[in-house]
Each structure stands twice: as structure tokens, then as C-alpha cells.
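Working notes, beginning with the structure itself.
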Amino acid sequence: KANYSYTGDYSWQQASMALSNIDIGGTSYNLGNTVQNARSTNLNGTFNMETLYKYIGISKSSASKPKPVAAPKPGEKIVKADPLKKINQNQFVDGLKGILTSVKSINLSFTENQGTVLPGYIPSVGFFGTSKPTLGFVFGSQNDVRYEAAKRGWLTTYQEFNQNYTSVNKQEFKGSANLELTPDLKIDLLGDRSYSENFSEQYDVGADGSYNPRSPYSFGLFSISTVLIGTSFSTSNEVRSTAFDQFRKNRLSVANRLATERGIDINNPANIDSKGYPIGYSSSNQAVLLPAFLAAYSGTSADKVSFDIFKSFPLPNWAIKYTGLMRYKFFKDTFKRFSLQQNYRASYTVNSFRSNFNYTNNPNGVDDSGNFYNPTIMSNVTLVEQFNPLVRIDFELKNSFKILTQINKDRALSMSFDNNLLTEVHGVEYVIGAGYRIKDVIFSSRLADNPTGVIKSDINIKVDLTYRDNQTIVRYLDYDNNQLGGGQNIWTLNATADYSLSKNLTIIFYYNHSFSKPVISTSFPLTNISSGFTFRYTFGN
């Protein structure tokens, strides 16, 4: 199933009547009005894969259907089939079809929002709208209409006009798939991509009446889901980092690949600088640093990593839940429920990119450091990874005693291209939770909602103990001087007990205790304690 929607908007804004015309040297100039449009496109698709499997005849259930047995003919010798062999064959077929039909559903969505603002537009709006500057523009088309409007004399001829022509483009893609390898093992795959760009440009009018674009400039934001699990558990502390050391080594491989693609002979000593890098692609060139950084922290080879800043296809993240242990006798006899879970999320984000005006003017030029100009300039790139949880064990015993144990792990890598500085924030968190229900606790109170004045309800007790260790490490790319910039060890104890005084009124006791100890001497320990009662009343039945 799919649905598609399109929305187009158009507006015409009149200029200030007091300032709409200007006289210079006896010539009157019309500064024009402002027209703008926008369009929004949305596409959603849902694929129910079970329907497809049944249609093409590979659903798992069809494997177990017994085939009709023909009656033996008179005098025909009857050969008994091996029942064990038949069972094994059916299990194999069912298992194979279970893998082929493991994807149960797929969901995709794409949204695009675009808009254009054109100042200095002279014609009026006209009766009941207008087909100017073009009919397509009125209905949301994002084609550049400036040249058509200028050719028809619809733009101001004032030579000092300095309002910007602007356009906006934002795209978002999200996809998910639900997999069920067995009835007890469920996997959700998630992926997303987001791209936004704003473009602005001035235009002036020459003495001959020609229009000239000036100072084109674009900036934006980019983010995409990725996978960094290749270095998730590698050594990373204030002394050394395996991935960071690889990052440094990757730079030369990437630089040589870039130089070769540009036609530079890297075997000629005249094309190599004093540090061994090709001239124009030094160790500080952004075009070298980004692929080297992504290859090192994703665990891929620098000889194969893409040079593209804006990745096209998101890599899927996942959420896994397994409840199959309850099939075994020990777990059936001991637990009411028992589940294992893991979630993984990772993203690659270009926090701010902008066009390079120097590259536009001179694509083969070099900057003050001798590096070739890059068409796009980035200030900062971030890689974020979260195992939330890395592992989670959640179970409830037959006696209503609940236990939850969970380990969370995360890291954030922020690479600054302005000063070649990497800021790494990583943390690990351990959670132990327990819960117990004391059944049928009786109190006598006027708050009872029955004539006997007796309250009979359960007391639900929950206790969570959490320990988190997080650190902030600053790494310098050009020299060995890793610094521990911050971080703390945090202990947290949360306890609650609730009791229903009536169908609508619940009393809750809570106790929260947290203690944090910094890892650097410039900060101080901190303890917070809060405790009390909460009365919660629910209106209605």
C-alpha cells in the first residue's frame, strides 16, 4: 500500500508603496515586489510481505501440509516410509522457508520540502492569481525562473538592487523492516537520511541591461544512519586510541588516492612535500581528513573508502529481542517470562557545510597552506553510536519477583576541521533493577471507596541501581597530547512503592539518591537526595 501527496503554494507580496520607486539622475526605477513559492512532496509505502509469500506459494505453513496418500493397488507391495527421515525433511524445508520469509513488513517514507523567493519582481498579482512568472512556478516548480523573468522585462533594472534570490531544499528518508527468523527472535531494522540546503545569490543589472549573478552561497546540514561496530570495542582511553592511530595512518593512503585521481604522479619526488604527502593534498586537507576519519572509525579500509561527503544509502541499525529460552523446561518452571534484548543506533552528521567561493572562481587554485580548494567546506563532523542496551536481561520469577539487568554503551566523536581537533565522549552504564508485588495488603481508612472502610490492594515495590562512567577526551591530530577534558562517575539509586487507596487514588513513596565524582580535579563531587510522597488522583471511571 502506498500514498502520495503534493502541495504547492504561491504568494505575491507587494513592496512598500513609499519605497517602491526610486529616482536617480532623473530616471525612475521600480524596485519591484517579491514572489515566492513552495512545494511539499510526501510518499509513504508499506509492504506486507506475508501476502506476497502466500501469493507466490512459499509461506512456511505450506511446508507442513501432508500430501494425500494414494490407496495401494491389489497385489502392490507396500513399502513403509522412514518416519524420522520424513520429519527431518519437513524440518529442513520449514527452516529454509522460515529464512526466506523472515521479512514480515517493510515501511518506507520520503518527504521533500522546497521553496524559492524571488525579489525585484515588477508585475502585479493579476486577477484571480496569475500565470506569471510561469504557471509551473505558481504550482510550486523549483526551476530557476530568473532568466525567463529578466528576458521578459519583469525584474527591476535598478543597478544597486541587493536583495537575495534564495531557495531551500530539505529531504528526509526513513525506512524500517520487521524480521522474524523464528517466532521467538524478532529483529527491527531502521535506517534514515536527512539533507537540507539553503542557497542564496544576488544579481545586479549592468549598464547594457544584462543581469549578472553575484556571490552564490549555499549552506546546509546532512545526517545519515551508519554502522561503526567495527571499532566499538577497540582500545580508547586518555593514553591511546586504536581507531585514532589508524585515522592518522589513513591520511597518506587517502591523499595518494586523491592525487592519483587528479592525474598527479605520486612517484615523482617533485610532487611530494616534506612530510611525504602529495602537493595539494597535505595531512591537513579536508578532502584527506574526512575519508580517513570515516574509514578509521567504521573499521573499513582507507584504500576503498568513498570520497563522497553526502552518502547516498543509509546503513541499517537494529533492535533485537529474543524470548526463546521460555521453551526450555527449566525456564518454564522457574520464570513467568524471560527475554534478551539489544539495540544499536549510529549516525554520521555533517553539522554545517557551505560552498567554497574560492573554488567556484578557481577550481584548480590552492589556499594559503598549498592545499587544493574543496568545493564544499565543513566545520565539524560528528559520529554518534549508542548500544541502548548493549545487553538487557529482563525476567519475572514465578513468585512475582522481577529482575532487570542492563548495560548501555555510547560514544560521540566530534571532528573539527578548523583546528584538526577530535573530541571524544564515551560512556558505559550498568543498571540493576528489582521489583516485587506484595499482594492483598489490608488497611482500614476513611479513604476506602466501600462501606466497610477496608482497603485491600497490592504494594508494588521497584528499586533501580545505576552506575555510569563517562569521559571526555581531546585528541590532537598533529601531535601526541591527548587530554582528559571532563567526565564523571555517577551512582544513582531510585526506589518507589505505590499503593492504590481506591480505584482513582494512588499513593506513591519515592526515594532518589545520586552521587557523582568527577574524573578531573577542577570539578567537585556532588550528592543529591530527594524523598517524599505523591498522591495521584485519576478522574473518570
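By order in the C-alpha cells, chains are A, B, ...; within a chain, residues start at 1; ligands start at 1, following the order shown.
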
When you look at Ser218 in chain A with a cut-off of 10 Å (counting only C-alpha atoms), what residues show up, excluding the ones that are within fewer than 2 positions of it in the same chain? I need them as a PyMOL selection string.
chain A and resi 166-168+197-201+215-216+220+353-357+376

Show me, as a ChimeraX atom specification, the residues that have an atom within 6 Å of Leu189 in chain A when counting only C-alpha atoms, minus same-chain residues fewer than 4 positions from it.
/A:176-177,316-318

Can I get the selection written as a compact mmCIF listing (two decimals), in the first residue's frame, with N, CA, C and O atoms?
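Saved file selection-v5.txt follows:
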```txt
# COMPACT_ATOMS: atom_id res chain seq x y z
N SER A 176 12.19 1.11 7.46
CA SER A 176 12.24 0.11 8.52
C SER A 176 11.75 -1.22 7.97
O SER A 176 10.96 -1.27 7.03
N ALA A 177 12.24 -2.29 8.58
CA ALA A 177 11.82 -3.64 8.19
C ALA A 177 11.73 -4.49 9.46
O ALA A 177 12.57 -4.36 10.35
N PRO A 316 21.60 0.15 7.82
CA PRO A 316 20.55 -0.13 8.80
C PRO A 316 21.09 -0.33 10.21
O PRO A 316 22.11 -0.98 10.42
N ASN A 317 20.41 0.23 11.19
CA ASN A 317 20.60 -0.07 12.60
C ASN A 317 19.57 -1.12 13.01
O ASN A 317 18.74 -1.51 12.19
N TRP A 318 19.63 -1.57 14.24
CA TRP A 318 18.76 -2.71 14.57
C TRP A 318 18.32 -2.70 16.04
O TRP A 318 18.91 -2.06 16.90
```

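CA of Asn33 in chain A is found 15.7 Å from CA of Ser131 in chain A.
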
Counting only C-alpha atoms, the residue of A:Ser40, A:Thr496, A:Gln246, A:Asn107 that sits nearest Gln171 in chain A
A:Ser40

Spatial neighbours of Thr506 in chain A, 9 Å, only C-alpha atoms, chain gap at least 3 places, as a list in words
Asp498, Tyr499, Ser500, Leu501, Ser502, Lys503, Thr534, Phe535, Arg536, Tyr537 and Thr538 of chain A

DSSP on the backbone, alpha helix (DSSP H) only: what residues of range 355-487 of chain A does that give? Format it as a count of residues only.
5

For Arg193 in chain A, work out the shell of residues within 10 Å, counting only C-alpha atoms and skipping chain neighbours fewer than 4 positions away, then give it as number ranges by chain.
A: 110, 171-175, 222-226, 310-315, 347-349

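The protein and nucleic acid residues lying at most 7 Å from Asn470 in chain A are His426, Gly427, Val428, Gly487, Gln488 and Asn489 of chain A, with only C-alpha atoms considered and sequence neighbours fewer than 4 positions away removed.
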
Based on the backbone DSSP call, show me all residues of range 108-352 of chain A assigned strand (DSSP E or B), as a PyMOL selection string.
chain A and resi 108-121+155+165-182+185-205+211-225+236+241+272+278+317-322+335-352

Could you give me, as a list in words, the residues within 6 Å of Asn494 in chain A, counting only C-alpha atoms and dropping anything in the same chain fewer than 4 positions from it?
Val463, Asp464, Tyr511 and Asn512 of chain A

Would you compute the distance between CA of Lys439 in chain A and CA of Ile455 in chain A? Give it in Å to one decimal.
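For CA of Lys439 in chain A relative to CA of Ile455 in chain A, the distance reads 12.2 Å.
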
Hey, which of A:Asp469, A:Asp418, A:Glu396, A:Asp410 ends up closest to Asn343 in chain A? Count only C-alpha atoms.
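Comparing A:Asp469, A:Asp418, A:Glu396, A:Asp410 against Asn343 in chain A, the winner is A:Asp410.
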
May I ask which of the residues A:Phe92, A:Phe443, A:Tyr322, A:Tyr195 is the closest one to Phe338 in chain A, counting only C-alpha atoms?
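Under the stated criterion, the closest residue is A:Tyr322.
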
A:Tyr55, A:Phe161, A:Phe219, A:Phe524 ranked by distance to Ser352 in chain A, top pick (using only C-alpha atoms):
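Closest to Ser352 in chain A of all the choices is A:Phe219.
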